[in-house]
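> Contents of query35.cif (mmCIF, C-alpha atoms and all ligand atoms):
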```cif
data_input
#
loop_
_atom_site.label_atom_id
_atom_site.label_comp_id
_atom_site.auth_asym_id
_atom_site.auth_seq_id
_atom_site.Cartn_x
_atom_site.Cartn_y
_atom_site.Cartn_z
CA MET A 30 10.42 13.03 8.52
CA ASN A 31 9.65 13.81 12.15
CA ALA A 32 8.78 10.96 14.50
CA ALA A 33 11.89 8.91 15.13
CA ASN A 34 13.02 6.40 17.71
CA PHE A 35 16.46 5.42 16.61
CA LYS A 36 19.16 7.81 17.69
CA LEU A 37 22.91 8.01 17.50
CA SER A 38 25.44 10.73 18.18
CA GLY A 39 28.86 11.28 16.77
CA ILE A 40 31.81 13.64 16.96
CA ALA A 41 33.74 14.75 13.90
CA VAL A 42 37.05 16.54 14.23
CA PRO A 43 38.01 18.24 10.97
CA VAL A 44 40.74 20.87 10.52
CA SER A 45 38.04 23.51 10.01
CA PRO A 46 34.60 22.66 11.41
CA ALA A 47 33.12 25.83 9.86
CA ASP A 48 34.36 24.93 6.37
CA MET A 49 33.14 21.37 6.69
CA LEU A 50 29.69 22.46 7.87
CA GLU A 51 29.54 24.81 4.89
CA GLU A 52 30.46 21.97 2.56
CA ILE A 53 27.87 19.65 4.12
CA CYS A 54 25.11 22.24 3.55
CA GLU A 55 26.30 23.01 0.04
CA HIS A 56 26.38 19.33 -0.94
CA PHE A 57 23.29 17.95 0.77
CA VAL A 58 20.95 20.69 -0.43
CA GLU A 59 20.42 18.57 -3.56
CA HIS A 60 19.50 15.47 -1.52
CA ALA A 61 17.78 16.78 1.61
CA GLU A 62 15.95 19.73 3.10
CA VAL A 63 18.76 21.76 4.60
CA GLU A 64 18.19 24.39 7.29
CA ARG A 65 21.15 26.46 8.48
CA LYS A 66 21.13 28.67 11.57
CA ASP A 67 24.50 30.03 12.69
CA ASP A 68 26.55 27.07 13.92
CA LEU A 69 23.73 24.51 13.43
CA ALA A 70 22.71 22.69 10.27
CA VAL A 71 19.63 20.45 10.16
CA LEU A 72 19.29 17.97 7.29
CA ARG A 73 15.92 16.32 6.78
CA SER A 74 15.33 13.50 4.31
CA LYS A 75 13.30 10.31 4.10
CA LEU A 76 16.13 8.59 6.00
CA GLY A 77 15.59 10.82 9.03
CA VAL A 78 17.05 13.96 10.59
CA ALA A 79 20.71 14.88 11.07
CA ARG A 80 21.58 17.80 13.35
CA ILE A 81 25.17 18.97 13.03
CA ARG A 82 26.49 21.71 15.31
CA ILE A 83 29.88 23.36 15.72
CA GLU A 84 30.88 23.07 19.37
CA ASN A 85 34.32 23.14 20.99
CA ALA A 86 36.02 23.19 17.59
CA GLN A 87 34.27 19.94 16.66
CA LEU A 88 31.14 18.91 14.80
CA GLN A 89 28.60 17.35 17.16
CA ILE A 90 26.30 15.07 15.17
CA GLU A 91 22.86 13.84 16.27
CA LEU A 92 21.03 11.36 14.06
CA ASP A 93 17.34 10.69 14.55
CA CYS A 94 15.84 8.06 12.25
CA PRO A 95 12.63 6.04 11.88
CA THR A 96 14.28 2.59 11.75
CA ARG A 97 17.51 0.87 12.75
CA GLU A 98 18.30 0.42 9.05
CA THR A 99 17.84 4.08 8.12
CA LEU A 100 19.94 5.06 11.15
CA HIS A 101 22.86 2.98 9.90
CA MET A 102 22.38 4.15 6.33
CA SER A 103 22.41 7.80 7.48
CA ARG A 104 25.55 7.16 9.48
CA THR A 105 27.30 5.55 6.53
CA ILE A 106 26.27 8.26 4.05
CA LEU A 107 27.45 10.99 6.42
CA ALA A 108 30.70 9.19 7.26
CA GLU A 109 31.56 8.56 3.60
CA HIS A 110 30.87 12.21 2.73
CA LEU A 111 32.75 13.70 5.69
CA PHE A 112 35.88 11.69 4.89
CA TYR A 113 35.51 12.71 1.24
CA PHE A 114 35.19 16.40 2.21
CA ALA A 115 38.27 16.13 4.47
CA GLN A 116 40.30 14.83 1.52
CA ASP A 117 43.95 14.49 2.64
CA GLN A 118 43.57 16.62 5.77
CA PRO A 119 43.58 15.04 9.25
CA PHE A 120 40.05 13.96 10.21
CA GLU A 121 38.52 11.85 12.98
CA LEU A 122 35.01 10.50 13.35
CA THR A 123 33.66 8.55 16.31
CA TRP A 124 30.16 7.37 17.19
CA SER A 125 28.41 6.80 20.53
CA GLU A 126 27.67 3.16 19.63
CA PRO A 127 29.08 0.59 17.23
CA THR A 128 26.82 -0.71 14.50
CA SER A 129 24.25 -3.30 15.56
CA LEU A 130 23.87 -4.72 12.05
CA SER A 131 25.94 -7.51 10.57
CA ALA A 132 25.30 -6.56 6.93
CA LEU A 133 24.66 -3.33 5.07
CA PRO A 134 20.87 -2.88 5.18
CA ASN A 135 20.69 -1.58 1.62
CA LEU A 136 22.74 -4.37 0.04
CA HIS A 137 20.67 -6.59 -2.25
CA GLU A 138 22.11 -9.74 -3.75
CA VAL A 139 20.85 -10.13 -7.32
CA THR A 140 21.07 -12.84 -9.99
CA VAL A 141 21.28 -12.31 -13.73
CA VAL A 142 18.13 -13.58 -15.47
CA SER A 143 19.02 -12.52 -19.02
CA ALA A 144 20.80 -9.92 -21.11
CA HIS A 145 20.08 -8.46 -24.53
CA ASP A 146 21.00 -5.50 -26.73
CA VAL A 147 18.46 -2.67 -26.72
CA THR A 148 20.45 -0.80 -29.39
CA PRO A 149 23.86 -1.65 -30.91
CA HIS A 150 25.67 -0.02 -27.93
CA MET A 151 23.20 -0.37 -25.07
CA ARG A 152 22.95 -3.75 -23.35
CA ARG A 153 20.16 -4.47 -20.88
CA VAL A 154 20.76 -6.89 -18.03
CA ILE A 155 17.72 -8.16 -16.16
CA PHE A 156 18.33 -9.19 -12.55
CA SER A 157 16.09 -11.05 -10.15
CA CYS A 158 16.00 -9.61 -6.63
CA THR A 159 14.22 -11.03 -3.57
CA ASN A 160 12.86 -7.62 -2.52
CA VAL A 161 12.33 -5.01 -5.23
CA THR A 162 10.17 -2.76 -3.01
CA PRO A 163 12.98 -0.30 -2.10
CA PHE A 164 13.53 0.32 -5.82
CA VAL A 165 9.94 1.27 -6.63
CA HIS A 166 9.27 5.02 -7.11
CA GLY A 167 12.40 5.86 -5.18
CA ASP A 168 15.93 6.92 -5.84
CA MET A 169 17.20 5.52 -9.10
CA HIS A 170 20.89 4.92 -8.59
CA VAL A 171 22.81 1.95 -7.24
CA ARG A 172 26.33 0.77 -6.83
CA LEU A 173 26.73 -2.49 -8.72
CA LEU A 174 29.12 -4.85 -6.93
CA VAL A 175 30.58 -7.70 -8.97
CA PRO A 176 32.63 -10.42 -7.25
CA PRO A 177 35.81 -11.78 -8.84
CA LYS A 178 35.08 -14.48 -11.44
CA GLY A 179 34.84 -17.98 -10.04
CA LYS A 180 34.89 -16.90 -6.39
CA PRO A 181 31.95 -16.94 -3.94
CA PRO A 182 31.12 -13.31 -3.19
CA ALA A 183 32.31 -11.60 0.01
CA TRP A 184 30.04 -8.58 0.47
CA PRO A 185 31.08 -5.42 2.35
CA GLY A 186 30.30 -4.63 6.01
CA PHE A 187 30.84 -1.62 8.29
CA ARG A 188 33.98 0.09 9.59
CA GLU A 189 33.96 1.51 13.11
CA ASP A 190 33.80 5.07 11.80
CA GLY A 191 30.61 4.19 9.90
CA ARG A 192 32.17 3.93 6.46
CA ILE A 193 31.83 0.83 4.32
CA ALA A 194 34.44 -1.89 4.89
CA TRP A 195 35.20 -3.14 1.38
CA PRO A 196 36.59 -6.65 0.84
CA GLU A 197 40.21 -6.46 -0.25
CA GLY A 198 42.82 -8.54 -2.04
CA GLU A 199 41.49 -11.57 -3.87
CA ASN A 200 37.95 -10.78 -2.67
CA ALA A 201 38.00 -7.20 -4.00
CA LEU A 202 34.81 -6.30 -5.85
CA LEU A 203 34.26 -4.38 -9.05
CA VAL A 204 32.19 -1.34 -8.09
CA ARG A 205 30.41 0.91 -10.61
CA VAL A 206 27.42 3.23 -10.38
CA TYR A 207 24.33 2.55 -12.52
CA THR A 208 20.67 3.49 -12.82
CA ILE A 209 17.74 1.19 -12.27
CA ARG A 210 16.08 1.65 -15.65
CA ALA A 211 12.88 -0.14 -14.61
CA VAL A 212 11.40 -2.21 -11.82
CA ASP A 213 9.17 -5.17 -12.64
CA SER A 214 7.44 -5.76 -9.31
CA ASP A 215 5.32 -8.68 -10.56
CA ARG A 216 8.36 -10.68 -11.64
CA GLY A 217 10.68 -9.38 -8.90
CA GLU A 218 13.11 -8.07 -11.53
CA LEU A 219 15.26 -5.00 -12.03
CA TRP A 220 16.65 -3.72 -15.34
CA ILE A 221 19.97 -1.97 -15.80
CA ASP A 222 21.06 -0.61 -19.19
CA PHE A 223 24.83 -0.62 -19.70
CA LEU A 224 26.41 1.53 -22.38
CA GLN A 225 29.02 -0.46 -24.28
CA HIS A 226 31.66 2.24 -24.67
CA PRO A 227 34.82 0.97 -26.30
CA ALA A 228 37.75 2.91 -24.81
CA PRO A 229 40.86 2.20 -26.89
CA GLY A 230 43.68 0.75 -24.78
CA VAL A 231 41.65 1.01 -21.58
CA SER A 232 39.56 -1.70 -19.96
CA THR A 233 35.88 -1.10 -19.28
CA PRO A 234 34.99 -3.59 -16.53
CA GLY A 235 31.45 -2.28 -15.92
CA ALA A 236 30.50 -2.45 -19.60
CA ASP A 237 32.25 -5.83 -19.90
CA PHE A 238 30.20 -7.26 -17.02
CA ALA A 239 27.05 -6.63 -19.08
CA ARG A 240 28.61 -7.91 -22.29
CA ASP A 241 29.55 -11.22 -20.61
CA ALA A 242 26.59 -11.56 -18.21
CA ARG A 243 25.07 -15.05 -18.17
CA PRO A 244 21.90 -16.31 -16.42
CA GLY A 245 22.81 -17.30 -12.87
CA ASP A 246 25.68 -14.82 -12.43
CA VAL A 247 25.54 -13.29 -8.96
CA ALA A 248 26.14 -9.61 -8.16
CA ALA A 249 24.88 -7.14 -5.56
CA LEU A 250 23.27 -3.73 -5.66
CA LEU A 251 24.02 -1.20 -2.95
CA GLY A 252 21.22 1.31 -2.73
CA PRO A 253 19.08 2.72 -4.15
CA GLY A 254 20.32 6.20 -3.35
CA ALA A 255 20.95 9.73 -4.56
CA GLY A 256 18.97 10.84 -7.57
CA GLY A 257 15.25 10.62 -7.07
CA LEU A 258 12.60 11.28 -9.66
CA PRO A 259 12.27 15.06 -10.00
CA GLU A 260 8.88 16.43 -8.97
CA ALA A 261 7.80 19.40 -11.08
CA ARG A 262 5.21 20.29 -13.69
CA SER A 263 7.99 21.14 -16.12
CA ILE A 264 11.25 19.19 -16.43
CA LEU A 265 14.23 19.82 -18.70
CA LEU A 266 16.36 16.69 -19.13
CA ILE A 267 19.87 16.92 -20.55
CA GLY A 268 22.31 14.04 -20.91
CA ASP A 269 24.28 11.55 -22.96
CA GLU A 270 23.96 7.76 -23.24
CA SER A 271 25.07 7.19 -19.66
CA ALA A 272 22.07 9.28 -18.56
CA LEU A 273 19.64 7.79 -21.05
CA PRO A 274 18.45 5.04 -18.65
CA ALA A 275 17.69 7.70 -16.02
CA ILE A 276 16.01 10.03 -18.52
CA ALA A 277 13.90 7.13 -19.81
CA ARG A 278 12.85 6.21 -16.28
CA ILE A 279 11.99 9.80 -15.32
CA ALA A 280 9.85 10.08 -18.45
CA ALA A 281 8.20 6.70 -17.80
CA GLU A 282 7.29 7.60 -14.21
CA ALA A 283 6.29 11.26 -14.72
CA PRO A 284 2.65 11.86 -13.81
CA PRO A 285 0.18 12.78 -16.57
CA GLY A 286 0.36 16.44 -17.47
CA THR A 287 4.09 16.81 -16.79
CA ASN A 288 5.85 18.81 -19.49
CA LEU A 289 9.13 17.16 -20.37
CA ARG A 290 11.80 18.35 -22.75
CA ALA A 291 14.84 16.13 -23.30
CA ILE A 292 18.11 16.84 -25.09
CA ILE A 293 20.00 13.56 -25.48
CA GLU A 294 23.36 13.03 -27.13
CA VAL A 295 23.98 9.59 -28.64
CA GLU A 296 26.43 8.28 -31.21
CA ASP A 297 23.95 8.05 -34.12
CA LYS A 298 20.33 7.36 -35.01
CA ALA A 299 20.67 3.64 -34.24
CA GLU A 300 21.22 4.54 -30.54
CA GLU A 301 17.90 6.40 -30.20
CA GLN A 302 15.29 4.67 -28.05
CA PRO A 303 11.54 5.21 -27.90
CA LEU A 304 10.72 6.87 -24.57
CA GLN A 305 7.35 6.08 -22.95
CA THR A 306 5.57 8.68 -20.84
CA ASP A 307 2.16 9.78 -19.58
CA GLY A 308 3.43 13.35 -19.73
CA VAL A 309 4.05 15.51 -22.77
CA LEU A 310 7.53 14.80 -24.03
CA ASN A 311 9.60 16.61 -26.63
CA VAL A 312 12.92 14.90 -27.40
CA GLN A 313 15.82 16.40 -29.30
CA TRP A 314 18.37 13.73 -30.24
CA LEU A 315 21.93 14.90 -30.96
CA HIS A 316 24.09 12.57 -33.08
CA ARG A 317 27.77 12.77 -32.17
CA ALA A 318 28.75 10.97 -35.37
CA SER A 319 27.26 13.77 -37.48
CA TYR A 320 28.96 16.69 -35.71
CA PRO A 321 31.30 18.68 -37.95
CA ASN A 322 34.99 17.95 -37.31
CA GLY A 323 36.22 19.44 -34.08
CA ALA A 324 32.78 20.17 -32.63
CA ALA A 325 33.12 19.07 -29.04
CA ASP A 326 30.59 21.13 -27.17
CA VAL A 327 27.31 20.65 -29.03
CA LEU A 328 25.54 19.16 -26.00
CA VAL A 329 26.78 21.99 -23.78
CA SER A 330 25.66 24.68 -26.28
CA GLU A 331 22.24 23.11 -26.70
CA ALA A 332 21.94 22.74 -22.93
CA LYS A 333 22.76 26.41 -22.35
CA ALA A 334 20.23 27.54 -24.95
CA ALA A 335 17.52 25.35 -23.40
CA ILE A 336 18.33 26.54 -19.87
CA GLU A 337 18.11 30.15 -21.05
CA GLY A 338 14.59 29.44 -22.25
CA ALA A 339 13.53 27.63 -19.04
CA ASP A 340 11.69 29.48 -16.28
CA GLY A 341 12.32 29.21 -12.53
CA GLU A 342 9.56 26.62 -12.16
CA THR A 343 11.36 24.20 -14.45
CA PHE A 344 13.35 21.39 -12.87
CA VAL A 345 16.67 21.20 -14.71
CA TRP A 346 18.14 17.67 -14.69
CA VAL A 347 21.62 17.23 -16.17
CA ALA A 348 23.94 14.21 -16.30
CA CYS A 349 26.83 13.61 -18.67
CA GLU A 350 30.63 13.88 -18.75
CA LYS A 351 32.41 15.64 -15.86
CA THR A 352 33.83 18.69 -17.69
CA ASP A 353 30.57 19.29 -19.56
CA VAL A 354 28.61 19.00 -16.34
CA ARG A 355 30.86 21.56 -14.63
CA THR A 356 30.34 24.05 -17.47
CA ILE A 357 26.57 23.60 -17.35
CA LYS A 358 26.52 23.84 -13.54
CA THR A 359 28.47 27.12 -13.62
CA PHE A 360 25.99 28.42 -16.19
CA LEU A 361 23.01 27.44 -14.00
CA LYS A 362 24.60 29.06 -10.94
CA ALA A 363 25.27 32.27 -12.86
CA ARG A 364 21.59 32.33 -13.79
CA LYS A 365 20.76 31.83 -10.08
CA HIS A 366 18.56 28.82 -10.83
CA ASP A 367 17.11 27.53 -7.54
CA ARG A 368 19.38 24.72 -6.24
CA ARG A 369 16.31 22.75 -5.18
CA MET A 370 15.10 22.80 -8.78
CA MET A 371 18.12 21.11 -10.26
CA TYR A 372 20.03 17.84 -10.33
CA VAL A 373 23.42 18.23 -11.96
CA ALA A 374 25.76 15.25 -11.75
CA TRP A 375 28.66 13.88 -13.73
CA TYR A 376 28.28 10.25 -14.69
CA TRP A 377 31.70 9.58 -16.19
CA GLU A 378 35.05 11.21 -16.76
CA ARG A 379 36.75 11.56 -20.15
CA ASP A 380 40.22 10.09 -20.64
CA VAL A 381 40.51 8.25 -17.35
CA ASN A 382 43.20 5.63 -17.81
CA ASN A 383 42.50 2.70 -15.55
CA ALA A 384 44.91 0.32 -17.28
C1 LIG B 401 24.59 8.22 -10.74
C2 LIG B 401 25.14 7.52 -11.97
C3 LIG B 401 24.31 6.72 -12.74
C4 LIG B 401 24.83 6.08 -13.89
N1 LIG B 401 23.99 5.30 -14.62
C5 LIG B 401 24.47 4.64 -15.71
C6 LIG B 401 23.65 3.74 -16.47
O1 LIG B 401 22.49 3.48 -16.13
N2 LIG B 401 24.19 3.16 -17.58
C7 LIG B 401 25.50 3.38 -17.97
O2 LIG B 401 25.93 2.82 -18.99
N3 LIG B 401 26.30 4.20 -17.26
C8 LIG B 401 25.81 4.82 -16.14
N4 LIG B 401 26.64 5.61 -15.40
C9 LIG B 401 28.00 5.83 -15.88
C10 LIG B 401 28.94 4.70 -15.50
O3 LIG B 401 29.03 4.58 -14.10
C11 LIG B 401 30.33 5.03 -16.08
O4 LIG B 401 30.27 5.14 -17.47
C12 LIG B 401 31.40 4.04 -15.68
O5 LIG B 401 32.63 4.69 -15.86
C13 LIG B 401 31.40 2.78 -16.53
O6 LIG B 401 32.36 1.89 -16.00
P1 LIG B 401 33.32 1.01 -16.92
O7 LIG B 401 33.98 0.04 -16.01
O8 LIG B 401 32.56 0.50 -18.09
O9 LIG B 401 34.40 2.04 -17.46
P2 LIG B 401 35.55 2.73 -16.60
O10 LIG B 401 36.54 1.71 -16.15
O11 LIG B 401 34.93 3.56 -15.52
O12 LIG B 401 36.20 3.70 -17.66
C14 LIG B 401 37.05 3.19 -18.69
C15 LIG B 401 37.24 4.25 -19.76
O13 LIG B 401 36.00 4.49 -20.41
C16 LIG B 401 35.69 5.85 -20.44
N5 LIG B 401 34.24 5.98 -20.21
C17 LIG B 401 33.56 5.70 -19.07
N6 LIG B 401 32.24 5.93 -19.24
C18 LIG B 401 32.10 6.36 -20.52
C19 LIG B 401 30.99 6.79 -21.29
N7 LIG B 401 29.74 6.82 -20.79
N8 LIG B 401 31.20 7.18 -22.57
C20 LIG B 401 32.45 7.16 -23.11
N9 LIG B 401 33.55 6.77 -22.42
C21 LIG B 401 33.37 6.39 -21.14
C22 LIG B 401 36.49 6.48 -19.31
O14 LIG B 401 36.86 7.82 -19.64
C23 LIG B 401 37.71 5.60 -19.24
O15 LIG B 401 38.71 6.08 -20.11
C24 LIG B 401 26.17 6.24 -14.25
C25 LIG B 401 27.01 7.01 -13.44
C26 LIG B 401 26.50 7.65 -12.30
C27 LIG B 401 27.42 8.47 -11.43
#
```
Written as structure tokens, how would this file's structure read?


Amino acid sequence: MNAANFKLSGIAVPVSPADMLEEICEHFVEHAEVERKDDLAVLRSKLGVARIRIENAQLQIELDCPTRETLHMSRTILAEHLFYFAQDQPFELTWSEPTSLSALPNLHEVTVVSAHDVTPHMRRVIFSCTNVTPFVHGDMHVRLLVPPKGKPPAWPGFREDGRIAWPEGENALLVRVYTIRAVDSDRGELWIDFLQHPAPGVSTPGADFARDARPGDVAALLGPGAGGLPEARSILLIGDESALPAIARIAAEAPPGTNLRAIIEVEDKAEEQPLQTDGVLNVQWLHRASYPNGAADVLVSEAKAAIEGADGETFVWVACEKTDVRTIKTFLKARKHDRRMMYVAWYWERDVNNA
């Protein structure tokens, strides 16, 4: 994106500007066009352009965006990531101007229309949304924000450093990441498919929201963001149930002629879903319930075999459990698969005790 009228500058002070710039380039290459020249990194995406330069032991940031909304979204995305990269180390971030928006521009209040089971363990919630346009053909992922039961929602705003100011205490929201499975523009509706994953002794608030959803329940979606529809003639899709909504959407929106191969791990045959596409799709379903005792890495083994058979023109899309994703990512890196031709993300983490 070139022409831009909305500008903002910022100064970030990390412990090591060089390391942070490296991390920025490494991370954003999957979400933006990244150009690196010595101490300057330029990130171009549909939100606009970010120029980040090491100067006087600081990172000088210049944002250049087509609208006021994309400017604030770019600022927030960058701020959230920079604080994440800094982890526990000292880090400061200041901007030339405070935000001029009262609400997050990509926050959409939604209302539950209905909910039903697609398969025994996949529950679809249909939401109405005043403006579904941002969800059409774009990034697929959202943060679902659910207010505490029986309380009017208090939605997040901005912090001075650009990060999101989340409501706290009795207004604290449940926040989970999901995929927009489909957009029904005519009806102004969005579908989200929630895996019902019983975790013994541990609560599953995201899954429970879908289980208990009733018409009229209010929530909000923050996004869409990260995770667009891959553009390639040949796409290899690998994932488990948490990725099935995304895989189904990619297949549904792939242009005619696209060659798609999908390897999808589900519990058993009853969890399989018919996948619509205008492309040519070959699906291999893996049934966890039929694995021999002790087999834990069937998806990873099948993924590696498929990646070995994929050429450099194939877009490799992978989403599943964190450890499995790391193994597959290491394998892809070792094979020197082009970073721009892959999306590799973990969607959940095994054995996280949130009790
Ligand atoms: C970009 C992205 C898109 C996603 N899209 C979807 C989607 O469309 N549909 C969907 O169902 N999920 C999706 N997920 C995964 C979802 O965010 C997680 O599964 C989330 O942890 C569910 O929240 P929860 O409150 O139900 O469980 P949590 O409170 O997060 O976890 C409770 C327990 O359940 C376990 N657990 C969590 N997820 C799973 C799982 N998938 N299988 C088995 N055990 C699990 C955890 O290890 C933990 O012990 C997506 C994640 C990402 C990052």

> Please build the interface table for range 261-319 of chain A against range 134-155 of chain A with a cut-off of 12 Å, listing for each qualifying residue the nearest atom pair and the distance in Å to one decimal; count only C-alpha atoms, order rows by chain and increasing number, and write it as a Markdown table.


```
| residue | atom | partner | partner_atom | distance |
| --- | --- | --- | --- | --- |
| A:Glu270 | CA | A:Met151 | CA | 8.4 |
| A:Ser271 | CA | A:Met151 | CA | 9.5 |
| A:Ala272 | CA | A:Met151 | CA | 11.7 |
| A:Leu273 | CA | A:Met151 | CA | 9.8 |
| A:Pro274 | CA | A:Met151 | CA | 9.6 |
| A:Val295 | CA | A:His150 | CA | 9.8 |
| A:Glu296 | CA | A:His150 | CA | 9.0 |
| A:Asp297 | CA | A:Pro149 | CA | 10.2 |
| A:Lys298 | CA | A:Thr148 | CA | 9.9 |
| A:Ala299 | CA | A:Thr148 | CA | 6.6 |
| A:Glu300 | CA | A:Thr148 | CA | 5.5 |
| A:Glu301 | CA | A:Thr148 | CA | 7.7 |
| A:Gln302 | CA | A:Thr148 | CA | 7.6 |
| A:Pro303 | CA | A:Val147 | CA | 10.6 |
```

> Go through chain A and flag each residue having an atom no more than 9 Å from ligand LIG 401 (chain B); for those, report the closest pair of atoms plus their distance in Å to one decimal, using all atoms listed in the file, ordered by chain and rising number, as JSON lines.


```
{"residue": "A:Met151", "atom": "CA", "partner": "B:LIG401", "partner_atom": "O2", "distance": 7.4}
{"residue": "A:Arg152", "atom": "CA", "partner": "B:LIG401", "partner_atom": "O2", "distance": 8.4}
{"residue": "A:Met169", "atom": "CA", "partner": "B:LIG401", "partner_atom": "C1", "distance": 8.0}
{"residue": "A:His170", "atom": "CA", "partner": "B:LIG401", "partner_atom": "C1", "distance": 5.4}
{"residue": "A:Val171", "atom": "CA", "partner": "B:LIG401", "partner_atom": "C1", "distance": 7.4}
{"residue": "A:Arg172", "atom": "CA", "partner": "B:LIG401", "partner_atom": "C2", "distance": 8.6}
{"residue": "A:Leu203", "atom": "CA", "partner": "B:LIG401", "partner_atom": "O7", "distance": 8.2}
{"residue": "A:Val204", "atom": "CA", "partner": "B:LIG401", "partner_atom": "O7", "distance": 8.2}
{"residue": "A:Arg205", "atom": "CA", "partner": "B:LIG401", "partner_atom": "O3", "distance": 5.2}
{"residue": "A:Val206", "atom": "CA", "partner": "B:LIG401", "partner_atom": "O3", "distance": 4.3}
{"residue": "A:Tyr207", "atom": "CA", "partner": "B:LIG401", "partner_atom": "N1", "distance": 3.5}
{"residue": "A:Thr208", "atom": "CA", "partner": "B:LIG401", "partner_atom": "O1", "distance": 3.8}
{"residue": "A:Ile209", "atom": "CA", "partner": "B:LIG401", "partner_atom": "O1", "distance": 6.5}
{"residue": "A:Arg210", "atom": "CA", "partner": "B:LIG401", "partner_atom": "O1", "distance": 6.7}
{"residue": "A:Ile221", "atom": "CA", "partner": "B:LIG401", "partner_atom": "O1", "distance": 6.0}
{"residue": "A:Asp222", "atom": "CA", "partner": "B:LIG401", "partner_atom": "N2", "distance": 5.2}
{"residue": "A:Phe223", "atom": "CA", "partner": "B:LIG401", "partner_atom": "O2", "distance": 3.7}
{"residue": "A:Leu224", "atom": "CA", "partner": "B:LIG401", "partner_atom": "O2", "distance": 3.7}
{"residue": "A:Gln225", "atom": "CA", "partner": "B:LIG401", "partner_atom": "O2", "distance": 6.9}
{"residue": "A:His226", "atom": "CA", "partner": "B:LIG401", "partner_atom": "C20", "distance": 5.2}
{"residue": "A:Pro227", "atom": "CA", "partner": "B:LIG401", "partner_atom": "O13", "distance": 7.0}
{"residue": "A:Ala228", "atom": "CA", "partner": "B:LIG401", "partner_atom": "O13", "distance": 5.0}
{"residue": "A:Pro229", "atom": "CA", "partner": "B:LIG401", "partner_atom": "O15", "distance": 8.1}
{"residue": "A:Gly230", "atom": "CA", "partner": "B:LIG401", "partner_atom": "O15", "distance": 8.7}
{"residue": "A:Val231", "atom": "CA", "partner": "B:LIG401", "partner_atom": "C15", "distance": 5.8}
{"residue": "A:Ser232", "atom": "CA", "partner": "B:LIG401", "partner_atom": "C14", "distance": 5.6}
{"residue": "A:Thr233", "atom": "CA", "partner": "B:LIG401", "partner_atom": "O8", "distance": 3.9}
{"residue": "A:Pro234", "atom": "CA", "partner": "B:LIG401", "partner_atom": "O7", "distance": 3.8}
{"residue": "A:Gly235", "atom": "CA", "partner": "B:LIG401", "partner_atom": "O7", "distance": 3.4}
{"residue": "A:Ala236", "atom": "CA", "partner": "B:LIG401", "partner_atom": "O8", "distance": 3.9}
{"residue": "A:Asp237", "atom": "CA", "partner": "B:LIG401", "partner_atom": "O8", "distance": 6.6}
{"residue": "A:Phe238", "atom": "CA", "partner": "B:LIG401", "partner_atom": "O8", "distance": 8.2}
{"residue": "A:Gly254", "atom": "CA", "partner": "B:LIG401", "partner_atom": "C1", "distance": 8.8}
{"residue": "A:Ala255", "atom": "CA", "partner": "B:LIG401", "partner_atom": "C1", "distance": 7.3}
{"residue": "A:Gly256", "atom": "CA", "partner": "B:LIG401", "partner_atom": "C1", "distance": 7.0}
{"residue": "A:Asp269", "atom": "CA", "partner": "B:LIG401", "partner_atom": "N7", "distance": 7.5}
{"residue": "A:Glu270", "atom": "CA", "partner": "B:LIG401", "partner_atom": "N7", "distance": 6.3}
{"residue": "A:Ser271", "atom": "CA", "partner": "B:LIG401", "partner_atom": "N3", "distance": 4.0}
{"residue": "A:Ala272", "atom": "CA", "partner": "B:LIG401", "partner_atom": "N1", "distance": 5.9}
{"residue": "A:Leu273", "atom": "CA", "partner": "B:LIG401", "partner_atom": "O1", "distance": 7.1}
{"residue": "A:Pro274", "atom": "CA", "partner": "B:LIG401", "partner_atom": "O1", "distance": 5.0}
{"residue": "A:Ala275", "atom": "CA", "partner": "B:LIG401", "partner_atom": "O1", "distance": 6.4}
{"residue": "A:Ala348", "atom": "CA", "partner": "B:LIG401", "partner_atom": "C2", "distance": 8.1}
{"residue": "A:Cys349", "atom": "CA", "partner": "B:LIG401", "partner_atom": "N7", "distance": 7.7}
{"residue": "A:Glu350", "atom": "CA", "partner": "B:LIG401", "partner_atom": "N7", "distance": 7.4}
{"residue": "A:Ala374", "atom": "CA", "partner": "B:LIG401", "partner_atom": "C27", "distance": 7.0}
{"residue": "A:Trp375", "atom": "CA", "partner": "B:LIG401", "partner_atom": "C27", "distance": 6.0}
{"residue": "A:Tyr376", "atom": "CA", "partner": "B:LIG401", "partner_atom": "C25", "distance": 3.7}
{"residue": "A:Trp377", "atom": "CA", "partner": "B:LIG401", "partner_atom": "C11", "distance": 4.8}
{"residue": "A:Glu378", "atom": "CA", "partner": "B:LIG401", "partner_atom": "O14", "distance": 4.8}
{"residue": "A:Arg379", "atom": "CA", "partner": "B:LIG401", "partner_atom": "O14", "distance": 3.8}
{"residue": "A:Asp380", "atom": "CA", "partner": "B:LIG401", "partner_atom": "O14", "distance": 4.2}
{"residue": "A:Val381", "atom": "CA", "partner": "B:LIG401", "partner_atom": "O15", "distance": 3.9}
{"residue": "A:Asn382", "atom": "CA", "partner": "B:LIG401", "partner_atom": "O15", "distance": 5.1}
{"residue": "A:Asn383", "atom": "CA", "partner": "B:LIG401", "partner_atom": "O10", "distance": 6.1}
{"residue": "A:Ala384", "atom": "CA", "partner": "B:LIG401", "partner_atom": "C14", "distance": 8.5}
```

> Quote the spacing between CA of Leu266 in chain A and CA of Phe164 in chain A in Å to one decimal place.

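Answer for the CA of Leu266 in chain A to CA of Phe164 in chain A separation: 21.3 Å.
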
> Find the residues near range 52-59 of chain A: any atom within 10 Å, counting all atoms listed in the file, skip ones fewer than 2 places away on the same chain, and give them as a list in words.

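Within the cut-off, the hits are Pro46, Ala47, Asp48, Met49, Leu50, Ala61, Glu62, Val63, Glu64, Arg65, Ala70, Val71, Leu72, Arg73, Ser74, Ile81, Leu107, His110, Leu111, Phe114, Ala115, Ala255, Gly256, Arg368, Arg369, Met370, Met371, Tyr372 and Val373 of chain A.
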